[in-house]
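See below for the structure under consideration.
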Amino acid sequence: MCYSIAFLETKINKLAERYQELLPFRWQDQLASGLLARELPAYYFVSGFSHPQLPLVTHEGIQVSGWGLIPHWTKNREVAEKRRSGTLNAVGETVFDKPSFRKSIRTGRCLLGVSGFFEWREFNNKKYPYFIYPKNDDLFSLGCIVDQWTDKDTGEVMSTFSIITTPANPLMAEIHNRKRRMPLIIPPEALRGWTDPRSSKEDVAGLICPMDQGHMQAHTVSRMLNYSRKERNTPEALRAVKYPELPPLIAT
């Protein structure tokens, strides 16, 4: 699955530059005029269970949304808040069928650009965290879906999203060796096809597959990340830590 990420780009305008070919003209105008100077928090490590607000790239522009999708048909805030921790991820194999996701996969496909993500490998009953990041790029473009929910009591509109997951490739199967899942990573040549609302169901389904491990690299990091009560959002979260007892990965 994918419950923890690193998001280090703190400026909307830099993110807009990275994805400018996907954005409508009005966004490119705002980029040129310097209107997108909004600052975002830097996350060396952030857990989805804290429901952070993160910038998504859609066919309409960039929107800041909360991690943990609330389906548009959710009855009230109490139900919405309970539901969110169960919708941090959406299983790619069933995303077209699940009531929580089937509207969003048709009309709300988007991208989350991350510096990398974290997963845990189990060995001798211990969990070892890994940071997984691009080999030849600065960002992974995670395939996501977004929905809008309106609180009928207050009128507040909340934008929330899920990260889609796929079966693990060989590298991720070794790292995430209990669940053997990984986030959907959209390759550069498929970004427009993913975000374009005109893409057919068949074309979208064809993109929901594991990224080739040749585009990924990983290293172990501090086991401090195993403890949610510690402060984990520090540069040390990304720093490589060696564990002599841990066998090296084969699929590298």
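For the structure tokens, the naming scheme is as follows: chains receive sequential letters (A, B, ...) according to their order of presentation, residues are indexed from 1 within each chain, and ligands are indexed from 1 in presentation order.
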
Query raised in the report: Where does DSSP see strand (DSSP E) in segment 4-247 of chain A, if you list the residues as a PyMOL selection string?
Result: chain A and resi 4-7+43-47+53-58+61-67+89-91+109-114+116-123+126-134+140-150+157-167+181-183+216-220

Any chance you could list, as an mmCIF file with C-alpha atoms, in the first residue's frame, the residues in segment 19-88 of chain A that come up helix (DSSP H, G or I) when DSSP is run on the backbone?
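Saved file part-v2.cif follows:
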data_model
loop_
_atom_site.group_PDB
_atom_site.id
_atom_site.type_symbol
_atom_site.label_atom_id
_atom_site.label_comp_id
_atom_site.auth_asym_id
_atom_site.auth_seq_id
_atom_site.Cartn_x
_atom_site.Cartn_y
_atom_site.Cartn_z
ATOM 1 C CA GLN A 20 2.920 22.986 -17.155
ATOM 2 C CA GLU A 21 2.254 20.933 -20.297
ATOM 3 C CA LEU A 22 -0.762 19.376 -18.548
ATOM 4 C CA PHE A 25 -3.719 28.170 -20.468
ATOM 5 C CA ARG A 26 -5.049 30.205 -17.536
ATOM 6 C CA TRP A 27 -2.613 28.388 -15.260
ATOM 7 C CA GLN A 28 0.264 29.080 -17.580
ATOM 8 C CA ASP A 29 -0.694 32.757 -17.542
ATOM 9 C CA GLN A 30 -0.697 32.753 -13.749
ATOM 10 C CA LEU A 31 2.655 31.011 -13.758
ATOM 11 C CA ALA A 32 4.138 33.658 -16.036
ATOM 12 C CA SER A 33 2.713 36.495 -13.942
ATOM 13 C CA GLY A 48 -1.706 9.676 5.237
ATOM 14 C CA PHE A 49 -3.386 9.010 8.564
ATOM 15 C CA SER A 50 -2.764 12.667 9.481
ATOM 16 C CA ARG A 77 -19.268 14.666 8.803
ATOM 17 C CA GLU A 78 -19.161 11.930 11.412
ATOM 18 C CA VAL A 79 -19.336 9.257 8.720
ATOM 19 C CA ALA A 80 -16.928 11.233 6.530
ATOM 20 C CA GLU A 81 -14.217 11.426 9.182
ATOM 21 C CA LYS A 82 -14.522 7.710 9.974
ATOM 22 C CA ARG A 83 -14.328 6.775 6.298
ATOM 23 C CA ARG A 84 -11.161 8.724 5.464
#

Show me a table, sorted first by chain and then by increasing residue number, of the residues of segment 108-173 of chain A having an atom at most 10 Å from segment 189-203 of chain A, each with its shortest atom pair and the distance in Å to one decimal, counting only C-alpha atoms and written as a tab-separated table.
residue	atom	partner	partner_atom	distance
A:Gly108	CA	A:Pro197	CA	7.8
A:Arg109	CA	A:Thr195	CA	5.4
A:Cys110	CA	A:Thr195	CA	5.4
A:Leu111	CA	A:Thr195	CA	7.5
A:Ser141	CA	A:Leu191	CA	8.0
A:Leu142	CA	A:Leu191	CA	9.8
A:Gly143	CA	A:Trp194	CA	7.7
A:Cys144	CA	A:Trp194	CA	9.4
A:Ile145	CA	A:Thr195	CA	9.6

Keeping only N, CA and C atoms, write those residues as a PDB file, in the first residue's frame.
ATOM      1  N   GLY A 108     -12.329  12.115 -12.003  1.00  0.00           N
ATOM      2  CA  GLY A 108     -11.447  12.808 -11.060  1.00  0.00           C
ATOM      3  C   GLY A 108     -10.036  12.269 -11.014  1.00  0.00           C
ATOM      4  N   ARG A 109      -9.515  11.816 -12.146  1.00  0.00           N
ATOM      5  CA  ARG A 109      -8.135  11.317 -12.156  1.00  0.00           C
ATOM      6  C   ARG A 109      -7.150  12.492 -12.066  1.00  0.00           C
ATOM      7  N   CYS A 110      -6.114  12.319 -11.267  1.00  0.00           N
ATOM      8  CA  CYS A 110      -5.165  13.413 -11.025  1.00  0.00           C
ATOM      9  C   CYS A 110      -3.814  12.820 -10.660  1.00  0.00           C
ATOM     10  N   LEU A 111      -2.856  13.697 -10.432  1.00  0.00           N
ATOM     11  CA  LEU A 111      -1.485  13.295 -10.117  1.00  0.00           C
ATOM     12  C   LEU A 111      -1.013  13.955  -8.835  1.00  0.00           C
ATOM     13  N   SER A 141       5.224  10.640 -10.229  1.00  0.00           N
ATOM     14  CA  SER A 141       3.864  11.151 -10.423  1.00  0.00           C
ATOM     15  C   SER A 141       2.891  10.037 -10.053  1.00  0.00           C
ATOM     16  N   LEU A 142       2.342  10.111  -8.842  1.00  0.00           N
ATOM     17  CA  LEU A 142       1.446   9.063  -8.371  1.00  0.00           C
ATOM     18  C   LEU A 142       0.057   9.248  -8.971  1.00  0.00           C
ATOM     19  N   GLY A 143      -0.519   8.156  -9.457  1.00  0.00           N
ATOM     20  CA  GLY A 143      -1.869   8.192 -10.000  1.00  0.00           C
ATOM     21  C   GLY A 143      -2.889   8.220  -8.870  1.00  0.00           C
ATOM     22  N   CYS A 144      -3.716   9.256  -8.846  1.00  0.00           N
ATOM     23  CA  CYS A 144      -4.684   9.461  -7.771  1.00  0.00           C
ATOM     24  C   CYS A 144      -6.071   9.720  -8.346  1.00  0.00           C
ATOM     25  N   ILE A 145      -7.050   9.705  -7.461  1.00  0.00           N
ATOM     26  CA  ILE A 145      -8.413  10.119  -7.799  1.00  0.00           C
ATOM     27  C   ILE A 145      -8.894  11.085  -6.727  1.00  0.00           C
TER      28      ILE A 145
END

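Nearest to Gln213 of chain A of all the residues A:Lys127, A:Lys135, A:His176, A:Lys230 is A:Lys135, based on only C-alpha atoms.
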
Which residues of segment 147-209 of chain A sit at most 9 Å from segment 245-250 of chain A, using only C-alpha atoms? Give each one's shortest atom pair and distance in Å (one decimal place), in chain and ascending residue order, as a Markdown table.
| residue | atom | partner | partner_atom | distance |
| --- | --- | --- | --- | --- |
| A:Pro170 | CA | A:Ile250 | CA | 8.9 |
| A:Leu171 | CA | A:Leu249 | CA | 7.6 |
| A:Glu174 | CA | A:Leu249 | CA | 6.9 |
| A:Ile175 | CA | A:Leu249 | CA | 7.9 |

**Report entry** Surrounding residues of Ala240 of chain A excluding itself and chain neighbours under 6 positions, 10 Å, only C-alpha atoms, as a ChimeraX atom specification
**Finding:** /A:130-131,218-222

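In this comparison, which uses only C-alpha atoms, the residue of A:Leu15, A:Val91, A:Ile208, A:Met224 approaching Pro187 of chain A most closely is A:Ile208.
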
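For the pair atom CA of Glu39 of chain A and atom CA of Thr87 of chain A, the separation is 26.7 Å.
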
**Report entry** Nearest to Thr74 of chain A, chosen from A:Pro99, A:Gly206, A:Pro52, A:Pro235, with only C-alpha atoms counted in the distances
**Finding:** A:Pro99

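Relative to atom CA of Gln217 of chain A, atom CA of Tyr133 of chain A is found at 5.6 Å.
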
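Separating atom CA of Thr150 of chain A from atom CA of His72 of chain A is a distance of 7.1 Å.
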